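Asker: Provided below: query15.tsv, containing TSV, C-alpha atoms.
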```
chain	number	residue	atom	x	y	z
A	1	MET	CA	81.69	47.65	169.80
A	2	GLU	CA	85.25	48.49	168.72
A	3	SER	CA	86.15	50.76	165.85
A	4	LYS	CA	87.95	49.21	162.85
A	5	ARG	CA	91.42	50.75	162.68
A	6	ALA	CA	94.33	49.68	160.49
A	7	ARG	CA	97.63	50.86	159.05
A	8	LEU	CA	97.13	52.55	155.70
A	9	ASP	CA	99.26	50.11	153.70
A	10	ARG	CA	97.46	47.11	155.17
A	11	PHE	CA	94.06	48.70	154.60
A	12	ILE	CA	94.78	49.33	150.89
A	13	SER	CA	96.23	45.86	150.44
A	14	VAL	CA	93.13	44.22	151.95
A	15	LYS	CA	90.77	46.42	149.90
A	16	THR	CA	92.54	45.93	146.57
A	17	GLY	CA	94.45	42.67	146.84
A	18	ILE	CA	97.64	44.53	145.89
A	19	ASN	CA	100.87	43.38	147.55
A	20	ARG	CA	101.86	45.70	150.42
A	21	LYS	CA	105.28	46.27	148.83
A	22	HIS	CA	103.55	47.70	145.74
A	23	VAL	CA	101.18	49.69	147.95
A	24	ARG	CA	104.18	51.43	149.53
A	25	LEU	CA	105.39	52.43	146.06
A	26	MET	CA	101.96	53.88	145.31
A	27	LEU	CA	102.14	55.91	148.51
A	28	ALA	CA	105.63	57.15	147.60
A	29	LYS	CA	104.33	58.28	144.19
A	30	GLY	CA	101.49	60.27	145.77
A	31	ARG	CA	98.72	58.11	144.36
A	32	VAL	CA	96.79	57.83	147.65
A	33	LYS	CA	94.66	60.43	149.41
A	34	VAL	CA	93.14	60.19	152.88
A	35	ASP	CA	90.43	62.69	153.74
A	36	GLY	CA	91.43	64.78	150.72
A	37	GLU	CA	95.13	64.97	151.62
A	38	LEU	CA	98.04	63.18	149.96
A	39	ALA	CA	99.15	60.26	152.14
A	40	ARG	CA	102.69	58.93	152.03
A	41	ASP	CA	103.18	57.42	155.50
A	42	ILE	CA	102.59	53.66	155.55
A	43	ASP	CA	102.10	53.86	159.33
A	44	GLN	CA	99.19	56.28	159.05
A	45	ILE	CA	96.15	54.88	160.84
A	46	VAL	CA	92.77	54.92	159.13
A	47	ASP	CA	89.41	53.91	160.56
A	48	GLU	CA	85.97	53.11	159.17
A	49	PHE	CA	85.22	56.80	158.56
A	50	SER	CA	88.45	57.74	156.78
A	51	HIS	CA	87.81	58.74	153.15
A	52	VAL	CA	90.43	56.83	151.16
A	53	CYS	CA	91.16	57.17	147.42
A	54	LEU	CA	93.67	55.34	145.23
A	55	ASP	CA	94.22	57.36	142.06
A	56	ASN	CA	90.61	58.37	141.31
A	57	ARG	CA	89.09	55.24	142.80
A	58	VAL	CA	87.27	55.61	146.12
A	59	LEU	CA	88.16	52.71	148.40
A	60	GLN	CA	86.09	53.87	151.37
A	61	ALA	CA	83.65	56.71	151.99
A	62	ASN	CA	81.64	55.71	155.06
A	63	GLU	CA	79.82	58.38	157.04
A	64	PRO	CA	79.22	58.20	160.81
A	65	THR	CA	75.59	58.02	161.91
A	66	TYR	CA	74.26	59.12	165.30
A	67	LEU	CA	70.57	58.77	166.14
A	68	MET	CA	68.27	59.24	169.10
A	69	LEU	CA	65.15	57.09	169.32
A	70	HIS	CA	62.16	57.42	171.63
A	71	LYS	CA	61.93	53.76	172.61
A	72	PRO	CA	58.42	52.56	173.38
A	73	ILE	CA	57.53	49.96	175.99
A	74	GLY	CA	57.33	46.47	174.49
A	75	VAL	CA	60.14	46.95	171.94
A	76	VAL	CA	63.40	45.08	172.39
A	77	SER	CA	66.78	46.81	172.48
A	78	ALA	CA	68.27	44.40	169.96
A	79	THR	CA	69.00	44.18	166.26
A	80	ILE	CA	67.23	40.82	165.81
A	81	ASP	CA	64.59	39.11	167.93
A	82	GLU	CA	62.27	36.26	166.99
A	83	ASN	CA	59.49	37.18	169.43
A	84	HIS	CA	59.36	40.98	169.61
A	85	LYS	CA	59.70	44.05	167.45
A	86	THR	CA	63.20	45.52	167.76
A	87	VAL	CA	64.39	49.12	167.83
A	88	ILE	CA	66.03	48.53	164.44
A	89	ASP	CA	62.59	47.67	163.03
A	90	LEU	CA	61.46	51.19	164.00
A	91	ILE	CA	64.16	52.94	161.95
A	92	ASP	CA	63.60	53.86	158.32
A	93	ARG	CA	67.15	54.17	156.98
A	94	GLU	CA	69.12	52.22	154.38
A	95	ASP	CA	72.13	51.99	156.72
A	96	LYS	CA	70.19	50.79	159.78
A	97	GLU	CA	71.75	47.31	159.68
A	98	SER	CA	75.15	48.90	160.35
A	99	LEU	CA	73.96	50.53	163.58
A	100	HIS	CA	74.49	49.26	167.10
A	101	ILE	CA	72.75	50.22	170.33
A	102	VAL	CA	74.45	52.48	172.87
A	103	GLY	CA	73.22	51.43	176.32
A	104	ARG	CA	70.26	49.10	176.07
A	105	LEU	CA	66.87	49.56	177.71
A	106	ASP	CA	64.75	46.72	179.07
A	107	LEU	CA	61.62	45.57	177.25
A	108	ASN	CA	59.35	47.48	179.66
A	109	THR	CA	61.54	50.60	179.87
A	110	SER	CA	60.85	53.58	177.61
A	111	GLY	CA	62.75	56.71	176.68
A	112	LEU	CA	66.02	57.81	175.14
A	113	LEU	CA	67.93	55.20	173.16
A	114	LEU	CA	71.04	56.03	171.13
A	115	LEU	CA	72.21	54.20	168.01
A	116	THR	CA	75.38	54.67	165.97
A	117	ASN	CA	77.90	52.99	163.68
A	118	ASP	CA	80.78	54.73	165.49
A	119	GLY	CA	82.26	52.26	167.96
A	120	ARG	CA	84.72	54.69	169.54
A	121	TRP	CA	81.95	57.20	170.27
A	122	SER	CA	79.69	54.62	171.89
A	123	LYS	CA	82.53	53.20	173.96
A	124	ARG	CA	83.41	56.64	175.35
A	125	LEU	CA	79.76	57.30	176.15
A	126	MET	CA	79.20	54.05	178.05
A	127	ASP	CA	82.58	53.62	179.78
A	128	PRO	CA	82.03	54.07	183.58
A	129	GLU	CA	85.45	55.73	183.80
A	130	HIS	CA	84.07	58.72	181.89
A	131	LYS	CA	81.19	59.04	184.38
A	132	VAL	CA	78.54	59.99	181.82
A	133	GLY	CA	75.30	60.32	183.77
A	134	LYS	CA	72.10	58.59	182.61
A	135	LEU	CA	68.93	60.15	184.03
A	136	TYR	CA	65.76	58.10	184.60
A	137	ARG	CA	62.29	58.88	185.86
A	138	VAL	CA	61.13	56.06	188.11
A	139	GLN	CA	57.59	55.29	189.27
A	140	LEU	CA	57.38	53.20	192.46
A	141	LYS	CA	54.61	51.12	193.97
A	142	ASN	CA	55.31	52.21	197.55
A	143	PRO	CA	56.09	55.65	199.03
A	144	LEU	CA	59.65	56.98	199.04
A	145	THR	CA	61.58	58.24	202.06
A	146	GLU	CA	64.78	60.27	202.57
A	147	GLU	CA	66.56	57.00	203.40
A	148	TYR	CA	66.66	56.15	199.69
A	149	ILE	CA	68.82	59.19	198.88
A	150	SER	CA	71.71	58.22	201.15
A	151	ALA	CA	71.52	54.53	200.21
A	152	PHE	CA	71.82	55.30	196.49
A	153	ALA	CA	74.63	57.81	197.14
A	154	LYS	CA	76.71	55.18	198.96
A	155	GLY	CA	76.30	52.54	196.25
A	156	MET	CA	74.98	49.04	196.86
A	157	TYR	CA	76.70	45.66	197.03
A	158	PHE	CA	75.36	43.04	194.62
A	159	GLU	CA	76.39	39.64	195.94
A	160	PHE	CA	75.71	37.70	192.73
A	161	GLU	CA	78.32	39.71	190.75
A	162	ASP	CA	80.40	40.52	193.86
A	163	ILE	CA	80.43	44.21	192.95
A	164	THR	CA	79.44	47.48	194.59
A	165	THR	CA	77.62	49.94	192.35
A	166	LEU	CA	79.00	53.39	191.78
A	167	PRO	CA	77.33	56.17	193.79
A	168	ALA	CA	74.02	57.18	192.20
A	169	GLU	CA	71.96	60.34	192.63
A	170	LEU	CA	68.32	60.15	193.67
A	171	GLU	CA	65.87	63.06	193.81
A	172	ILE	CA	62.39	62.56	195.23
A	173	VAL	CA	59.80	64.21	192.99
A	174	ASP	CA	56.73	63.07	194.90
A	175	ASN	CA	55.74	60.14	197.13
A	176	HIS	CA	55.95	57.60	194.31
A	177	THR	CA	58.25	59.26	191.74
A	178	ALA	CA	62.03	59.67	191.75
A	179	LEU	CA	64.69	60.94	189.37
A	180	VAL	CA	67.74	58.67	189.40
A	181	THR	CA	71.11	59.34	187.77
A	182	LEU	CA	73.37	56.35	187.15
A	183	TYR	CA	77.00	56.40	186.03
A	184	GLU	CA	77.13	52.75	184.95
A	185	GLY	CA	74.72	50.17	183.53
A	186	ARG	CA	74.47	47.03	185.64
A	187	TYR	CA	71.85	44.39	184.82
A	188	HIS	CA	68.39	45.65	185.94
A	189	GLN	CA	70.31	48.02	188.23
A	190	ILE	CA	67.53	50.46	189.11
A	191	LYS	CA	64.98	47.73	189.77
A	192	ARG	CA	67.46	45.84	191.94
A	193	MET	CA	68.45	48.93	193.92
A	194	PHE	CA	64.84	49.74	194.72
A	195	GLY	CA	64.36	46.05	195.40
A	196	ARG	CA	66.57	46.49	198.49
A	197	PHE	CA	63.67	48.51	199.90
A	198	ARG	CA	61.10	45.96	198.66
A	199	ASN	CA	59.65	48.73	196.53
A	200	PRO	CA	58.71	47.48	193.03
A	201	VAL	CA	59.41	49.71	190.04
A	202	ILE	CA	56.19	50.07	188.04
A	203	GLY	CA	57.46	52.57	185.47
A	204	LEU	CA	60.93	53.40	184.11
A	205	HIS	CA	61.76	56.06	181.51
A	206	ARG	CA	65.21	57.29	180.44
A	207	ILE	CA	65.31	61.06	180.02
A	208	SER	CA	68.92	61.74	179.08
A	209	VAL	CA	72.44	60.39	178.56
A	210	GLY	CA	75.07	63.01	179.36
A	211	ASN	CA	74.19	66.18	177.48
A	212	ILE	CA	71.79	64.32	175.14
A	213	VAL	CA	68.19	64.85	176.25
A	214	LEU	CA	65.25	63.03	174.69
A	215	ASP	CA	63.56	65.35	172.22
A	216	ASN	CA	60.02	65.95	173.52
A	217	SER	CA	58.78	66.33	169.94
A	218	LEU	CA	59.58	62.67	169.21
A	219	LYS	CA	56.65	60.34	169.68
A	220	PRO	CA	57.32	56.78	170.90
A	221	GLY	CA	58.95	54.90	168.02
A	222	GLU	CA	60.24	58.03	166.27
A	223	SER	CA	63.90	58.93	165.82
A	224	ARG	CA	66.12	61.74	164.53
A	225	ALA	CA	69.78	62.45	163.87
A	226	LEU	CA	71.80	63.97	166.69
A	227	THR	CA	73.05	67.53	166.37
A	228	GLY	CA	76.77	68.33	166.38
A	229	GLU	CA	76.46	69.67	169.92
A	230	GLU	CA	74.80	66.48	171.10
A	231	ILE	CA	77.46	64.30	169.51
A	232	SER	CA	80.33	66.13	171.23
A	233	LEU	CA	81.28	64.47	174.52
```
How would this structure read if it were set down as structure tokens?
Answerer:
Amino acid sequence: MESKRARLDRFISVKTGINRKHVRLMLAKGRVKVDGELARDIDQIVDEFSHVCLDNRVLQANEPTYLMLHKPIGVVSATIDENHKTVIDLIDREDKESLHIVGRLDLNTSGLLLLTNDGRWSKRLMDPEHKVGKLYRVQLKNPLTEEYISAFAKGMYFEFEDITTLPAELEIVDNHTALVTLYEGRYHQIKRMFGRFRNPVIGLHRISVGNIVLDNSLKPGESRALTGEEISL
């Protein structure tokens, strides 16, 4: 989801219906403030979280929202779904309809889910180029072997998409449990990678995304705002 960015003169014109030529005169007269500072440059870029005032009239005062949710199994990572409860249904906030999901989880996957109204933040977090690791605990039907570690580290070729996955890290916890770190989010990627070994995934839980770790005090279905340290990338 992209952030909404615009030149200041265009933004004011759209918000007020005032001709852009007249908007430029208002800027020249010091009638506009952005984030508490006088704004005179028509080329100044504002986004959805810029606080913009014309005279004493507030044109925009949106606040960014960043949440972590402990997603339960059986809840859909979507904003609307006709057949299942969605993660948005679990959130008790007036602004919840403005939120989007950062890195979806499958219906039968539990754990850390992030939601925000800040498109630039979510894009940076999910872009494979930034190599933000996503850690999962995986329960397998069949025993694990050391062979899995090297196979995940090399990446795997998926013929349907004609792509090779980025190298992933796998740590064997016990015979049927592994910790897997991914740096991308291909469709059913973990299940498909273990599928190469004909080893069905019977449990999948996301523990963390980058430096954001699921708060153990959150019960399934509960959420909280992220701290400033968690928000920083």
Asker: Please indicate the distance in Å from atom CA of Val46 of chain A to atom CA of Thr116 of chain A, rounded to one decimal place.
Answerer: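 Straight-line distance from atom CA of Val46 of chain A to atom CA of Thr116 of chain A works out to 18.7 Å.
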Asker: Excluding segment 118-129 of chain A and its own-chain neighbours fewer than 4 positions away, which residues fall within 9 Å of it when counting all atoms listed in the file? Please give them as an mmCIF file with C-alpha atoms, in the frame of the given file.
Answerer:
```cif
data_model
loop_
_atom_site.group_PDB
_atom_site.id
_atom_site.type_symbol
_atom_site.label_atom_id
_atom_site.label_comp_id
_atom_site.auth_asym_id
_atom_site.auth_seq_id
_atom_site.Cartn_x
_atom_site.Cartn_y
_atom_site.Cartn_z
ATOM 1 C CA MET A 1 81.690 47.650 169.800
ATOM 2 C CA GLU A 2 85.250 48.490 168.720
ATOM 3 C CA SER A 3 86.150 50.760 165.850
ATOM 4 C CA LYS A 4 87.950 49.210 162.850
ATOM 5 C CA GLU A 48 85.970 53.110 159.170
ATOM 6 C CA PHE A 49 85.220 56.800 158.560
ATOM 7 C CA PRO A 64 79.220 58.200 160.810
ATOM 8 C CA THR A 65 75.590 58.020 161.910
ATOM 9 C CA TYR A 66 74.260 59.120 165.300
ATOM 10 C CA LEU A 99 73.960 50.530 163.580
ATOM 11 C CA HIS A 100 74.490 49.260 167.100
ATOM 12 C CA ILE A 101 72.750 50.220 170.330
ATOM 13 C CA VAL A 102 74.450 52.480 172.870
ATOM 14 C CA GLY A 103 73.220 51.430 176.320
ATOM 15 C CA LEU A 114 71.040 56.030 171.130
ATOM 16 C CA LEU A 166 79.000 53.390 191.780
ATOM 17 C CA TYR A 183 77.000 56.400 186.030
ATOM 18 C CA GLU A 184 77.130 52.750 184.950
ATOM 19 C CA GLY A 185 74.720 50.170 183.530
ATOM 20 C CA VAL A 209 72.440 60.390 178.560
ATOM 21 C CA GLY A 210 75.070 63.010 179.360
ATOM 22 C CA ILE A 231 77.460 64.300 169.510
ATOM 23 C CA LEU A 233 81.280 64.470 174.520
#
```
Asker: Between atom CA of Leu107 of chain A and atom CA of Arg137 of chain A, what distance in Å does the model show, to one decimal?
Answerer: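 According to the coordinates, atom CA of Leu107 of chain A and atom CA of Arg137 of chain A are separated by 15.9 Å.
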Asker: Show me, as number ranges by chain, the residues that have an atom within 7 Å of segment 19-36 of chain A when counting only C-alpha atoms, minus same-chain residues fewer than 3 positions from it.
Answerer: A: 9-10, 13, 39-40, 42, 50-55
Asker: Any idea what's packed within 10 Å of Thr145 of chain A, counting all atoms listed in the file, ignoring anything in its chain fewer than 3 positions away? Could you give it as a PDB file with C-alpha atoms, in the coordinates of the input?
Answerer:
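What follows is the written file around.pdb:
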```pdb
ATOM      1  CA  ASN A 142      55.310  52.210 197.550  1.00  0.00           C
ATOM      2  CA  TYR A 148      66.660  56.150 199.690  1.00  0.00           C
ATOM      3  CA  ILE A 149      68.820  59.190 198.880  1.00  0.00           C
ATOM      4  CA  ILE A 172      62.390  62.560 195.230  1.00  0.00           C
ATOM      5  CA  ASP A 174      56.730  63.070 194.900  1.00  0.00           C
ATOM      6  CA  ASN A 175      55.740  60.140 197.130  1.00  0.00           C
ATOM      7  CA  HIS A 176      55.950  57.600 194.310  1.00  0.00           C
TER       8      HIS A 176
END
```
Asker: Hey, could you patch up segment 83-116 of chain A with N, CA and C atoms and hand it over as a tab-separated table (two decimals), in the coordinates of the input?
Answerer:
```
chain	number	residue	atom	x	y	z
A	83	ASN	N	60.78	37.07	168.75
A	83	ASN	CA	59.49	37.18	169.43
A	83	ASN	C	58.95	38.60	169.54
A	84	HIS	N	59.80	39.60	169.42
A	84	HIS	CA	59.36	40.98	169.61
A	84	HIS	C	59.87	41.88	168.49
A	85	LYS	N	59.19	43.00	168.33
A	85	LYS	CA	59.70	44.05	167.45
A	85	LYS	C	60.96	44.63	168.08
A	86	THR	N	61.96	44.95	167.25
A	86	THR	CA	63.20	45.52	167.76
A	86	THR	C	63.28	47.00	167.43
A	87	VAL	N	64.20	47.69	168.09
A	87	VAL	CA	64.39	49.12	167.83
A	87	VAL	C	64.86	49.35	166.40
A	88	ILE	N	65.59	48.40	165.82
A	88	ILE	CA	66.03	48.53	164.44
A	88	ILE	C	64.82	48.50	163.50
A	89	ASP	N	63.81	47.73	163.85
A	89	ASP	CA	62.59	47.67	163.03
A	89	ASP	C	61.89	49.03	162.96
A	90	LEU	N	62.13	49.89	163.94
A	90	LEU	CA	61.46	51.19	164.00
A	90	LEU	C	62.14	52.25	163.13
A	91	ILE	N	63.35	51.95	162.66
A	91	ILE	CA	64.16	52.94	161.95
A	91	ILE	C	64.03	52.78	160.45
A	92	ASP	N	63.77	53.87	159.77
A	92	ASP	CA	63.60	53.86	158.32
A	92	ASP	C	64.83	54.49	157.67
A	93	ARG	N	65.91	53.71	157.59
A	93	ARG	CA	67.15	54.17	156.98
A	93	ARG	C	67.79	53.00	156.25
A	94	GLU	N	68.45	53.28	155.14
A	94	GLU	CA	69.12	52.22	154.38
A	94	GLU	C	70.30	51.63	155.15
A	95	ASP	N	70.93	52.45	156.01
A	95	ASP	CA	72.13	51.99	156.72
A	95	ASP	C	71.81	51.43	158.10
A	96	LYS	N	70.55	51.16	158.41
A	96	LYS	CA	70.19	50.79	159.78
A	96	LYS	C	70.83	49.48	160.23
A	97	GLU	N	71.14	48.59	159.30
A	97	GLU	CA	71.75	47.31	159.68
A	97	GLU	C	73.18	47.50	160.18
A	98	SER	N	73.79	48.64	159.90
A	98	SER	CA	75.15	48.90	160.35
A	98	SER	C	75.19	49.51	161.75
A	99	LEU	N	74.02	49.84	162.30
A	99	LEU	CA	73.96	50.53	163.58
A	99	LEU	C	74.01	49.55	164.75
A	100	HIS	N	74.56	50.02	165.86
A	100	HIS	CA	74.49	49.26	167.10
A	100	HIS	C	73.91	50.15	168.20
A	101	ILE	N	73.45	49.53	169.26
A	101	ILE	CA	72.75	50.22	170.33
A	101	ILE	C	73.74	50.67	171.40
A	102	VAL	N	73.57	51.90	171.86
A	102	VAL	CA	74.45	52.48	172.87
A	102	VAL	C	73.69	52.49	174.20
A	103	GLY	N	73.90	51.48	175.04
A	103	GLY	CA	73.22	51.43	176.32
A	103	GLY	C	71.78	50.95	176.17
A	104	ARG	N	71.57	49.69	176.32
A	104	ARG	CA	70.26	49.10	176.07
A	104	ARG	C	69.25	49.48	177.15
A	105	LEU	N	67.97	49.39	176.78
A	105	LEU	CA	66.87	49.56	177.71
A	105	LEU	C	66.07	48.27	177.74
A	106	ASP	N	65.56	47.93	178.92
A	106	ASP	CA	64.75	46.72	179.07
A	106	ASP	C	63.47	46.81	178.25
A	107	LEU	N	62.85	45.65	178.03
A	107	LEU	CA	61.62	45.57	177.25
A	107	LEU	C	60.56	46.54	177.75
A	108	ASN	N	60.40	46.65	179.07
A	108	ASN	CA	59.35	47.48	179.66
A	108	ASN	C	59.84	48.86	180.09
A	109	THR	N	61.01	49.26	179.60
A	109	THR	CA	61.54	50.60	179.87
A	109	THR	C	61.42	51.44	178.61
A	110	SER	N	60.99	52.68	178.75
A	110	SER	CA	60.85	53.58	177.61
A	110	SER	C	61.89	54.69	177.69
A	111	GLY	N	61.91	55.52	176.64
A	111	GLY	CA	62.75	56.71	176.68
A	111	GLY	C	63.89	56.74	175.69
A	112	LEU	N	64.91	57.52	176.04
A	112	LEU	CA	66.02	57.81	175.14
A	112	LEU	C	66.88	56.58	174.87
A	113	LEU	N	67.01	56.25	173.59
A	113	LEU	CA	67.93	55.20	173.16
A	113	LEU	C	68.79	55.77	172.05
A	114	LEU	N	70.09	55.52	172.12
A	114	LEU	CA	71.04	56.03	171.13
A	114	LEU	C	71.53	54.90	170.25
A	115	LEU	N	71.69	55.18	168.97
A	115	LEU	CA	72.21	54.20	168.01
A	115	LEU	C	73.26	54.88	167.14
A	116	THR	N	74.29	54.12	166.77
A	116	THR	CA	75.38	54.67	165.97
A	116	THR	C	76.12	53.55	165.25
```
